[in-house]
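A quick write-up on the structure given underneath.
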Amino acid sequence: MKTIRPDSCDLLIMGAGPAGLAAALAAASTGVRIVLVDDNPAPGGQIWRDGPGVVLPVAAKRPRQALLHHANITVLSGTRLVAAPDHKEVLLEDAEQGWHLRYDKAILCTGARELLLPFPGWTLPGVTGAGGLQALIKGGVSVRGERIVVAGSGPLLLAVAAAARAAGAQVLRVAEQAPLSQLAAFSATLLRWPSKAVQALSLLQTGYRTSSFVLAASGHGHLESVRLQQGGRTIDLACDRLACGFGLIPNTQIGQALGCALDEHQAIAVDAWQACSQPDHFAAGECTGFGGSERAWVQGQIAGLAAVGQRAEAQALWPRRQRWDAFAASLKQHFALQDAVKHLAEPDTLVCRCEDVRYSQVADCSSWTEAKLTTRCGMGACQGRVCGAATQHLFGWTQPVPRLPLAPTRISSLMQKPVKIDRSE
Amino acid sequence: MNTQAPSIHITLDGQVQPVPAGITVAAALSLCSDGTTRDSVSGERRAAFCGMGICQECRVLINGQRRLACQTLCAAGMVVATRSSEGQA
């Protein structure tokens with residue numbers, strides 16, 4: 001099958017998770033030429049990630065099927081946005097080549113990533129993010145018969161544990177750093193969102209502990225055991241994998257590279273139309289703040305409709321969005337990180353996994369820029385995606401607008417010629 | 001995982017290995033080896049970490065190009081190398 005690489009479109013949508021799919025389908029009926037770009041092998045984002053270890057829910061299958069019925073939507077999977085060389089022009093790269101694409105309007109649906117905080121042993125093979133392990137299992141990683149500890153924060157931990165169990169693993173412990181009082185308060189609010197309450201009940205299991213967090217992972221060349229703080233005591237658990245994530249943080253780099261401002265929560269700032277500070281740019285889903293797939297879906301619909309000028313239809317969806325915004329606020333309040341998890345690293349713990357920079361090397365720096373200049377922290381392959389977010393939580397350092405290219409990029413892609421346009425218009 | 005999936009063959013660090021069709025390179029590494037992907041700048045072995053294309057820990061050479069094992073599906077005849085000086089870049 002020939003790969004189609006369009007060099008222009010009316011509406012560029014970055015990210016094919018729930019928000020991006022909803023945006024594309026909402027905008028498609030007007031006939032505008034839509035390009036939907038996503039760096040994973042198939043649409044669905046993280047929550048609806050497809051793979052050999054997955055039975056997709058109907059809610060995920062339906063939009064993917066619907067995409068096929070719209071000839072004006074071009075889906076570019078396995079494709080990354082690496083640079084924004086000109087106004088309304090981006091450089092894309094897939095497995096074979098890079099190319100430029102010009103667009104008239106854009107919707108950012110770049111999702112969230114896990115907050116991954118350093119602790120002794122976190123670089124050992126066998127230690128992954130929490131959602132990270134779930135994604136790996138969906139991609140075919142076998143955990144059958146393995147002993148797994150899940151740790152960190154947020155409702156995602158329960159979903160990860162359930163996925164690991166379904167794949168044949170023995171989940172020894174789910175360690176939630178939030179205290180029981182907050183969990184109880186959160187559970188009480190769930191009655192306002194019955195579908196979420198049912199979901200939570202179905203995921204509840206033994207082995208769940210509150211006020212519990214990882215202190216260290218250890219092993220020789222591979223994870224062998226995990227030390228947990230559990231209330232007032234310390235316990236050691238022999239295990240094969242540790243899946244540890246401290247909640248979700250918005251992916252804002254592409255939005256920032258396109259000139260969109262952030263809000264006070266370091267998410268992409270949007271107004272009631274999901275419009276960004278940059279004209280003709282919209283954002284939806286978790287890049288505007290963590291809140292789950294239902295919120296992402298309705299935000300995506302509003303963004304898609306607003307982008308093609310169907311404002312009445314978009315406005316009709318505001319009440320539904322408001323309902324899920326309240327859910328997002330409840331999540332944020334009740335799973336706030338305890339101070340203790342910000343002090344897990346020891347002097348020789350690596351903070352920057354790309355450049356192998358130790359905690360002691362950056363602890364005395366006064367800013368992210370100083371740490372970069374003096375230690376190379378954040379200057380490796382991930383460009384500070386992991387340690388930049390970690391130091392923001394550890395030291396309160398703010399991140400500057402990311403520099404281009406946004407990800408490791410082939411020289412041949414950077415040498416691609418821009419799209420020729422008639423500037424006389 | 002669907003064990004009925006037909007097998008394809010890929011080459012992992014010089015060894016031809018059968019793997020179920022449709023799995024990621026990261027999954028193939030965990031099935032056929034110790035799952036590690038690269039040597040860090042200070043010489044530690046590392047493996048897939050974030051699982052979603054962010055952290056770059058799972059970068060390997062696939063058919064001579066640096067790619068992320070967690071975001072790349074195995075294809076018949078694919079050549080994957082985890083021990084290479086280029087992987088450290």
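The way I read the labels, and the way they are meant: chains A, B, ... in the order of the structure tokens, residue 1 as the first residue of every chain, and ligand 1 as the first ligand shown, with later ones counted on from there.
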
Q | Check: which chain B residues lie within 7 Å of chain A using only C-alpha atoms, as a PyMOL selection string | A | chain B and resi 1-2+22-24+27+30+36+41-42+46-47+49-52+54-56+71-72

**Q.** Secondary structure check, strand (DSSP E) residues of chain B, as number ranges by chain
**A.** B: 7-12, 15-20, 36-39, 45-47, 59-62, 65-68, 79-81

Q: Between atom CA of Thr110 of chain A and atom CA of Arg321 of chain A, measure the distance and give it in Å to one decimal.
A: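 Computing the Euclidean distance for atom CA of Thr110 of chain A and atom CA of Arg321 of chain A yields 18.5 Å.
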
Q | Which residue of A:Ala112, A:Met379, A:Ala19, A:Cys276 approaches Gly53 of chain B most closely, using only C-alpha atoms | A |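 With only C-alpha atoms as the atom set, the closest residue is A:Ala112.
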
Identify, on the basis of only C-alpha atoms, every residue whose closest approach to Val60 of chain B does not exceed 12 Å; exclude the query and any residue fewer than 5 positions from it along the same chain; express the result as a JSON list (two decimals) with N, CA and C atoms, in the first residue's frame.
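Dumped everything to out-v9.json:
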```
[["chain", "number", "residue", "atom", "x", "y", "z"],
["B", 12, "LEU", "N", 17.20, -10.69, 15.97],
["B", 12, "LEU", "CA", 17.49, -9.89, 17.16],
["B", 12, "LEU", "C", 18.95, -10.09, 17.54],
["B", 13, "ASP", "N", 19.74, -9.05, 17.48],
["B", 13, "ASP", "CA", 21.16, -9.15, 17.81],
["B", 13, "ASP", "C", 21.80, -10.38, 17.16],
["B", 25, "VAL", "N", 8.30, -4.30, 18.89],
["B", 25, "VAL", "CA", 9.70, -4.73, 19.04],
["B", 25, "VAL", "C", 10.04, -4.85, 20.53],
["B", 26, "ALA", "N", 9.48, -3.95, 21.35],
["B", 26, "ALA", "CA", 9.71, -4.03, 22.80],
["B", 26, "ALA", "C", 9.22, -5.37, 23.34],
["B", 29, "LEU", "N", 11.59, -8.16, 22.28],
["B", 29, "LEU", "CA", 12.80, -8.19, 23.12],
["B", 29, "LEU", "C", 12.51, -8.88, 24.45],
["B", 35, "GLY", "N", 15.10, -8.39, 27.47],
["B", 35, "GLY", "CA", 14.25, -7.21, 27.34],
["B", 35, "GLY", "C", 15.00, -5.89, 27.30],
["B", 36, "THR", "N", 16.31, -5.93, 27.50],
["B", 36, "THR", "CA", 17.05, -4.66, 27.52],
["B", 36, "THR", "C", 17.24, -4.15, 26.10],
["B", 37, "THR", "N", 17.45, -2.83, 26.02],
["B", 37, "THR", "CA", 17.48, -2.17, 24.72],
["B", 37, "THR", "C", 18.78, -1.44, 24.40],
["B", 38, "ARG", "N", 19.47, -0.94, 25.44],
["B", 38, "ARG", "CA", 20.63, -0.10, 25.14],
["B", 38, "ARG", "C", 21.54, -0.01, 26.35],
["B", 39, "ASP", "N", 22.76, 0.52, 26.12],
["B", 39, "ASP", "CA", 23.68, 0.85, 27.20],
["B", 39, "ASP", "C", 23.58, 2.35, 27.45],
["B", 46, "ARG", "N", 19.64, -0.70, 29.95],
["B", 46, "ARG", "CA", 18.31, -0.12, 30.17],
["B", 46, "ARG", "C", 17.27, -0.90, 29.37],
["B", 47, "ALA", "N", 16.01, -0.67, 29.71],
["B", 47, "ALA", "CA", 14.90, -1.32, 29.00],
["B", 47, "ALA", "C", 13.77, -0.32, 28.83],
["B", 48, "ALA", "N", 12.77, -0.69, 28.05],
["B", 48, "ALA", "CA", 11.61, 0.18, 27.84],
["B", 48, "ALA", "C", 11.09, 0.65, 29.20],
["B", 65, "GLN", "N", 18.20, 1.88, 11.32],
["B", 65, "GLN", "CA", 17.73, 3.20, 11.74],
["B", 65, "GLN", "C", 17.36, 3.18, 13.22],
["B", 66, "ARG", "N", 17.63, 4.32, 13.87],
["B", 66, "ARG", "CA", 17.28, 4.40, 15.29],
["B", 66, "ARG", "C", 15.77, 4.60, 15.43],
["B", 67, "ARG", "N", 15.12, 3.65, 16.09],
["B", 67, "ARG", "CA", 13.66, 3.71, 16.27],
["B", 67, "ARG", "C", 13.32, 3.33, 17.69],
["B", 68, "LEU", "N", 12.09, 3.65, 18.09],
["B", 68, "LEU", "CA", 11.64, 3.30, 19.43],
["B", 68, "LEU", "C", 10.97, 1.94, 19.41],
["B", 69, "ALA", "N", 11.49, 1.00, 20.22],
["B", 69, "ALA", "CA", 10.96, -0.36, 20.22],
["B", 69, "ALA", "C", 9.50, -0.41, 20.65],
["B", 70, "CYS", "N", 9.08, 0.53, 21.52],
["B", 70, "CYS", "CA", 7.71, 0.48, 22.05],
["B", 70, "CYS", "C", 6.69, 0.96, 21.04],
["B", 71, "GLN", "N", 7.13, 1.70, 20.01],
["B", 71, "GLN", "CA", 6.19, 2.24, 19.02],
["B", 71, "GLN", "C", 6.34, 1.61, 17.66],
["B", 72, "THR", "N", 7.16, 0.55, 17.58],
["B", 72, "THR", "CA", 7.40, -0.07, 16.29],
["B", 72, "THR", "C", 6.89, -1.52, 16.32],
["B", 79, "VAL", "N", 15.50, -6.45, 11.12],
["B", 79, "VAL", "CA", 16.76, -6.69, 11.81],
["B", 79, "VAL", "C", 16.88, -5.68, 12.95],
["B", 80, "VAL", "N", 16.95, -6.20, 14.17],
["B", 80, "VAL", "CA", 16.97, -5.34, 15.36],
["B", 80, "VAL", "C", 18.30, -5.53, 16.10],
["B", 81, "ALA", "N", 18.93, -4.42, 16.46],
["B", 81, "ALA", "CA", 20.20, -4.50, 17.21],
["B", 81, "ALA", "C", 20.09, -3.65, 18.46],
["B", 82, "THR", "N", 20.42, -4.25, 19.62],
["B", 82, "THR", "CA", 20.36, -3.50, 20.88],
["B", 82, "THR", "C", 21.74, -3.12, 21.39],
["B", 83, "ARG", "N", 22.79, -3.74, 20.83],
["B", 83, "ARG", "CA", 24.13, -3.42, 21.32],
["B", 83, "ARG", "C", 24.90, -2.75, 20.20],
["B", 84, "SER", "N", 24.87, -1.40, 20.25],
["B", 84, "SER", "CA", 25.55, -0.66, 19.21],
["B", 84, "SER", "C", 25.94, 0.68, 19.78],
["B", 85, "SER", "N", 27.10, 1.18, 19.37],
["B", 85, "SER", "CA", 27.54, 2.49, 19.86],
["B", 85, "SER", "C", 26.56, 3.56, 19.42],
["B", 86, "GLU", "N", 25.87, 3.33, 18.26],
["B", 86, "GLU", "CA", 24.92, 4.34, 17.80],
["B", 86, "GLU", "C", 23.73, 4.45, 18.73],
["B", 87, "GLY", "N", 23.42, 3.33, 19.40],
["B", 87, "GLY", "CA", 22.29, 3.34, 20.32],
["B", 87, "GLY", "C", 22.51, 4.25, 21.52],
["B", 88, "GLN", "N", 23.77, 4.61, 21.74],
["B", 88, "GLN", "CA", 24.08, 5.45, 22.90],
["B", 88, "GLN", "C", 23.93, 6.94, 22.61],
["B", 89, "ALA", "N", 23.78, 7.27, 21.34],
["B", 89, "ALA", "CA", 23.79, 8.69, 20.97],
["B", 89, "ALA", "C", 22.72, 9.46, 21.71]]
```

Q. Which polymer residues have any atom within 8 Å of an atom of Ala76 of chain B, counting only C-alpha atoms, with same-chain residues fewer than 5 positions away left out, as a ChimeraX atom specification?
A. /B:8-10

Output N, CA and C atoms for every residue in that selection, as a PDB file, in the first residue's frame.
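File produced: selection25.pdb:
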```pdb
ATOM      1  N   ILE B   8       6.087 -14.743  12.766  1.00  0.00           N
ATOM      2  CA  ILE B   8       6.958 -14.194  11.730  1.00  0.00           C
ATOM      3  C   ILE B   8       8.376 -14.316  12.280  1.00  0.00           C
ATOM      4  N   HIS B   9       9.356 -14.107  11.427  1.00  0.00           N
ATOM      5  CA  HIS B   9      10.738 -14.199  11.884  1.00  0.00           C
ATOM      6  C   HIS B   9      11.422 -12.848  11.800  1.00  0.00           C
ATOM      7  N   ILE B  10      12.108 -12.497  12.878  1.00  0.00           N
ATOM      8  CA  ILE B  10      12.923 -11.287  12.869  1.00  0.00           C
ATOM      9  C   ILE B  10      14.324 -11.667  13.370  1.00  0.00           C
TER      10      ILE B  10
END
```

Q) Can you list, as a list of chain:residue names, every protein, DNA or RNA residue that comes within 8 Å of Val214 of chain A when you count only C-alpha atoms, leaving out same-chain residues fewer than 6 positions away? A)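 Final neighbour list, sorted by chain and number: A:Phe119, A:Ala151, A:Gly152, A:Ala175, A:Val226, A:Arg227, A:Leu228, A:Gln229.
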
**Q.** Two-atom distance - atom CA of Pro400 of chain A, atom CA of Pro85 of chain A (Å)
**A.** 18.3 Å

Q | DSSP helix (DSSP H, G or I) residues within segment 136-350 of chain A, as number ranges by chain | A | A: 136-138, 156-166, 180-192, 194-203, 253-257, 285-288, 293-307, 311-315, 318-334, 339-343

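Proximity to Leu172 of chain A at 7 Å, evaluated using only C-alpha atoms and with sequence-adjacent residues fewer than 4 positions away removed, yields Arg147, Ile148, Val149 and Gly207 of chain A.
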
(Q) Using only C-alpha atoms, which protein or nucleic acid residues come within 10 Å of Pro179 of chain A? Drop anything in the same chain fewer than 5 positions from it, and give the result as a list in words. (A)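 Listed by chain and then number, they are Ala184, Arg209, Thr210, Ser211, Ser212, Gly231, His334, Phe335, Ala336, Leu337 and Gln338 of chain A.
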
Selection from above, N, CA and C atoms, as a PDB file, in the first residue's frame, can you write it?
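What ended up in out.pdb:
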```pdb
ATOM      1  N   ALA A 184     -11.265   8.249  50.395  1.00  0.00           N
ATOM      2  CA  ALA A 184     -12.661   8.124  50.827  1.00  0.00           C
ATOM      3  C   ALA A 184     -13.466   9.312  50.310  1.00  0.00           C
ATOM      4  N   ARG A 209      -3.122  -0.371  48.996  1.00  0.00           N
ATOM      5  CA  ARG A 209      -2.746   0.325  50.223  1.00  0.00           C
ATOM      6  C   ARG A 209      -2.654   1.822  49.956  1.00  0.00           C
ATOM      7  N   THR A 210      -3.158   2.610  50.906  1.00  0.00           N
ATOM      8  CA  THR A 210      -3.035   4.058  50.791  1.00  0.00           C
ATOM      9  C   THR A 210      -1.863   4.534  51.653  1.00  0.00           C
ATOM     10  N   SER A 211      -1.513   5.801  51.526  1.00  0.00           N
ATOM     11  CA  SER A 211      -0.341   6.365  52.214  1.00  0.00           C
ATOM     12  C   SER A 211       0.873   5.460  52.032  1.00  0.00           C
ATOM     13  N   SER A 212       0.995   4.895  50.848  1.00  0.00           N
ATOM     14  CA  SER A 212       2.094   3.965  50.583  1.00  0.00           C
ATOM     15  C   SER A 212       2.819   4.377  49.308  1.00  0.00           C
ATOM     16  N   GLY A 231       2.241   3.214  55.294  1.00  0.00           N
ATOM     17  CA  GLY A 231       1.864   3.822  56.560  1.00  0.00           C
ATOM     18  C   GLY A 231       3.129   4.114  57.348  1.00  0.00           C
ATOM     19  N   HIS A 334      -7.977  15.260  45.019  1.00  0.00           N
ATOM     20  CA  HIS A 334      -7.837  14.130  45.941  1.00  0.00           C
ATOM     21  C   HIS A 334      -6.575  13.299  45.722  1.00  0.00           C
ATOM     22  N   PHE A 335      -5.948  13.428  44.553  1.00  0.00           N
ATOM     23  CA  PHE A 335      -4.723  12.661  44.330  1.00  0.00           C
ATOM     24  C   PHE A 335      -3.489  13.569  44.329  1.00  0.00           C
ATOM     25  N   ALA A 336      -3.586  14.714  44.987  1.00  0.00           N
ATOM     26  CA  ALA A 336      -2.441  15.625  45.065  1.00  0.00           C
ATOM     27  C   ALA A 336      -1.252  14.879  45.685  1.00  0.00           C
ATOM     28  N   LEU A 337      -0.054  15.176  45.182  1.00  0.00           N
ATOM     29  CA  LEU A 337       1.128  14.446  45.651  1.00  0.00           C
ATOM     30  C   LEU A 337       1.548  14.896  47.042  1.00  0.00           C
ATOM     31  N   GLN A 338       1.808  13.900  47.910  1.00  0.00           N
ATOM     32  CA  GLN A 338       2.344  14.179  49.236  1.00  0.00           C
ATOM     33  C   GLN A 338       3.811  14.608  49.089  1.00  0.00           C
TER      34      GLN A 338
END
```
